[in-house]
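Below is one structure; the comments refer to it alone.
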Amino acid sequence: MTQTAPDPRSTQTAPDPEALKNLAEDIVRDALKAGADAAEAGVAESRSLEASIRNGALEDLERSESRDAGLRVFVGKRQAGVAFSDLSTQGRKLAIERAVAMAKAAPEDPYCGLVEREALAGKLPDIPLYEAGEWDPAILENLGFAMEDAALKIDEVETITQAGAGFGAGAGALVTSNGFAAGRRGSTFSLGIAPLAKRGSVMERDFYGHSARRFGELKSPEEIGRIAGERAAARLGSTKIKGGKMPVVFDSRVATTFVSSLLGAISGPAVARGNSFLKSKMGERVFAEGIDIVEDPLKAWGHGSRAFDGEGVAVRARALVEDGVLTTWLLNASSARQLGLPLTGHASQGLGSPPGVRTSNVHLAAGERSRDDLIADAGTGLLVTEMFGPSLNENTGDWSVGVAGFAIVDGKIAAPVSEMTVAGNLVEIFARLEPGSDLEFDHATNSPSILVDALSVGGL
């Protein structure tokens with residue numbers, strides 16, 4: 001099926017970031033009048049249209065809209081926040097009064113407060129993240145039908161448990177009482193399908209989906225349906241293999257867990273609390289030579305792109321890990337003050353809550369060898385394609401997870417396996433992992449497949 005692009009002549013009205021910024025400015029102004037010494041307000045609005053397909057028919061068509069706001073106020077070194085969705089004059093008044101009263105009663109926090117004025121972003125880059133288009137339910141239906149047809153053509157795929165397509169648009173704004181005001185807008189287009197395969201009385205389910213900020217960058221529904229069907233059918237006949245110490249290849253769809261674990265361990269709040277297995281590793285080699293983990297928040301059409309962080313600080317592209325060496329913590333204002341370090345532009349915006357930490361468009365750089373090469377090098381081992389119930393000791397890095405995937409025998413993919421566990425220590429795993437060459441930029445955090453030469457595998 002050829003994808004039909006949304007008609008730009010008939011567009012869905014998207015949230016207006018300028019209107020949201022004006023609303024946030026009104027909230028901040030009224031908070032100062034109500035007794036706050038300083039304040040920040042965020043407003044977010046989203047609109048979406050989603051179609052669910054089942055057995056060649058439209059099962060459900062859902063259109064949703066939401067608009068929410070958050071306010072954080074400061075009275076001296078005390079802070080409090082509220083989130084609210086009643087944005088009427090009276091609703092805003094009640095929320096502001098509640099926030100100011102809570103702040104006056106809150107305990108003092110020596111590290112709270114807005115970012116210093118001189119640290120706020122000035123001129124912001126214009127990052128393309130929004131594509132207008134017609135939100136035609138018929139387009140979504142046809143995409144869903146094409147995914148179903150492709151999946152059902154795979155041998156042993158019995159039915160489709162879920163298939164859907166969606167259009168979405170969102171916008172947000174952040175305003176602070178010390179001079180920052182900006183908004184942003186983005187679009188999303190998504191496809192996903194979950195086929196059920198059957199062999200005798202045995203059934204297995206799998207899923208594949210894809211999303212993009214531009215409609216034309218979506219993978220075709222035929223490709224998505226085919227891959228999902230092949231995944232489900234390949235799982236039939238899963239068993240267990242004998243456990244022990246062995247090489248493990250993590251498929252690219254699960255290998256991001258190691259990047260995410262790194263990001264959690266270098267989060268400024270975790271380091272400031274002393275609750276990180278990497279708390280003493282700044283400037284040290286954590287990965288092997290040649291390993292880079294890169295962040296690019298300014299990437300055009302990136303899933304996690306942004307021009308400023310959740311406190312109004314400018315962001316920039318950087319290597320979080322360069323040639324195996326850890327180069328930075330991920331800091332918001334509070335953790336930067338606690339650690340006595342400069343801001344890094346990694347605050348996340350919370351509607352009414354103190355900022356957390358987040359990254360934007362992070363990837364583990366690709367290696368030179370293909371996924372097949374990694375599997376061949378494993379010899380006899382395990383290919384992991386799914387993970388369940390991960391457990392991590394944040395202080396030591398000890399890690400374990402339930403997995404499913406495939407046995408590797410003589411360097412080739414063999415029988416499917418399930419109900420297995422993999423365990424190790426992330427400090428050791430980071431030092432030994434080898435990335436493959438199959439990197440794709442499908443998410444805000446991306447990784448190629450990874451080989452770890454020896455991990456504890458639990459099975460029979």
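Chain labels run A, B, ... following the order of the structure tokens; each chain numbers its residues from 1, and ligands are numbered from 1 in the order shown.
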
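Neighbours of Glu108 (chain A) closer than or equal to 8 Å, with only C-alpha atoms counted and sequence neighbours fewer than 2 positions away skipped, come out as A:Lys77, A:Arg78, A:Gln79, A:Ala106, A:Pro110.
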
What are the nearest atom pairs, with distances in Å to one decimal, for all residues of region 107-225 of chain A that come at most 12 Å from region 429-449 of chain A, using only C-alpha atoms, set out by chain and rising residue number as a tab-separated table?
```
residue	atom	partner	partner_atom	distance
A:Thr188	CA	A:His443	CA	11.8
A:Ser190	CA	A:Asp442	CA	11.2
A:Gly209	CA	A:Asp442	CA	9.9
A:His210	CA	A:Asp442	CA	7.2
A:Ser211	CA	A:Asp442	CA	7.2
A:Ala212	CA	A:Asp442	CA	7.5
A:Arg213	CA	A:Asp442	CA	10.4
A:Glu217	CA	A:Asp442	CA	10.1
A:Leu218	CA	A:Asp442	CA	9.7
A:Lys219	CA	A:Asp442	CA	10.1
```

Selection near region 389-395 of chain A, 12 Å with only C-alpha atoms, sequence-local residues under 3 positions removed, as an MDAnalysis selection string | chainID A and resid 254 257:258 260:267 270:271 273:280 386 398:404 419:427

Taking the backbone alone, and naming residues the way the document does, which bits of region 239-321 of chain A are alpha helix (DSSP H) by DSSP, as a list in words?
->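 Taking region 239-321 of chain A and keeping alpha helix (DSSP H) only, one gets Ser252, Arg253, Val254, Ala255, Thr256, Thr257, Phe258, Val259, Ser260, Ser261, Leu262, Leu263, Gly264, Ala265, Gly268, Pro269, Ala270, Val271, Ala272 and Arg273 of chain A.
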
Kindly save the residues from that selection, with N, CA and C atoms included, as a CSV table (one decimal), in the first residue's frame.
```csv
chain,number,residue,atom,x,y,z
A,252,SER,N,18.5,-4.5,19.2
A,252,SER,CA,18.5,-3.0,19.3
A,252,SER,C,17.2,-2.5,20.0
A,253,ARG,N,16.1,-3.3,19.9
A,253,ARG,CA,14.9,-2.8,20.5
A,253,ARG,C,14.9,-2.9,22.1
A,254,VAL,N,15.8,-3.7,22.6
A,254,VAL,CA,16.0,-3.7,24.1
A,254,VAL,C,17.3,-3.2,24.6
A,255,ALA,N,18.2,-3.0,23.7
A,255,ALA,CA,19.6,-2.5,24.1
A,255,ALA,C,19.6,-1.1,24.7
A,256,THR,N,18.5,-0.4,24.4
A,256,THR,CA,18.4,1.0,25.0
A,256,THR,C,18.4,0.9,26.5
A,257,THR,N,18.1,-0.2,27.1
A,257,THR,CA,18.0,-0.3,28.6
A,257,THR,C,19.3,0.1,29.2
A,258,PHE,N,20.4,-0.2,28.5
A,258,PHE,CA,21.8,0.1,29.1
A,258,PHE,C,22.0,1.6,29.0
A,259,VAL,N,21.6,2.3,27.9
A,259,VAL,CA,21.7,3.7,27.8
A,259,VAL,C,20.8,4.4,28.9
A,260,SER,N,19.6,3.9,29.0
A,260,SER,CA,18.7,4.5,30.1
A,260,SER,C,19.3,4.3,31.5
A,261,SER,N,19.9,3.1,31.7
A,261,SER,CA,20.5,2.9,33.0
A,261,SER,C,21.6,3.8,33.3
A,262,LEU,N,22.4,4.1,32.3
A,262,LEU,CA,23.5,5.1,32.4
A,262,LEU,C,22.9,6.5,32.7
A,263,LEU,N,21.9,6.9,32.0
A,263,LEU,CA,21.3,8.2,32.2
A,263,LEU,C,20.7,8.3,33.7
A,264,GLY,N,20.1,7.3,34.2
A,264,GLY,CA,19.7,7.3,35.6
A,264,GLY,C,20.8,7.4,36.5
A,265,ALA,N,21.9,6.8,36.2
A,265,ALA,CA,23.1,6.8,37.2
A,265,ALA,C,23.8,8.1,37.1
A,268,GLY,N,21.8,14.2,38.1
A,268,GLY,CA,22.3,15.0,39.1
A,268,GLY,C,21.7,14.8,40.5
A,269,PRO,N,20.3,14.7,40.5
A,269,PRO,CA,19.7,14.4,41.8
A,269,PRO,C,20.2,13.1,42.5
A,270,ALA,N,20.4,12.0,41.6
A,270,ALA,CA,20.9,10.7,42.2
A,270,ALA,C,22.3,10.9,42.7
A,271,VAL,N,23.1,11.6,42.0
A,271,VAL,CA,24.5,11.8,42.4
A,271,VAL,C,24.6,12.6,43.7
A,272,ALA,N,23.7,13.7,43.7
A,272,ALA,CA,23.7,14.5,44.9
A,272,ALA,C,23.3,13.8,46.2
A,273,ARG,N,22.4,12.8,46.0
A,273,ARG,CA,21.9,12.0,47.1
A,273,ARG,C,22.9,10.9,47.4
```

Quick one: contact table of region 66-135 of chain A to region 47-51 of chain A, 10 Å max, nearest atom pair and distance in Å to one decimal per residue, counting only C-alpha atoms, chain and number order, as a tab-separated table?
```
residue	atom	partner	partner_atom	distance
A:Ser66	CA	A:Arg47	CA	6.7
A:Arg67	CA	A:Arg47	CA	9.0
A:Trp135	CA	A:Leu49	CA	7.2
```

So which one's closest to Asp410 (chain A), A:Ser220, A:Thr380, A:Ser85, A:Thr161? Using only C-alpha atoms, please.
->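 Result for the nearest residue to Asp410 (chain A): A:Thr380.
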
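Shortest separation to Asp37 (chain A) among A:Ser335, A:Asp373, A:Phe74, A:Glu62 occurs at residue A:Phe74, atoms counted being only C-alpha atoms.
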
Kindly indicate which residue among A:Gly244, A:Gly345, A:Thr327, A:Ile450 lies nearest to Arg371 (chain A), using only C-alpha atoms for the distances.
-> A:Ile450

DSSP strand (DSSP E or B) selection over region 287-430 of chain A, as a count of residues only = 59

Find the spatial neighbours of region 286-299 of chain A, counting only C-alpha atoms, within a cut-off of 9 Å - ignore same-chain residues fewer than 5 positions away - and output them as a ChimeraX atom specification.
-> /A:125-128,259,278,281,304-308,315-326,359-367,427-435
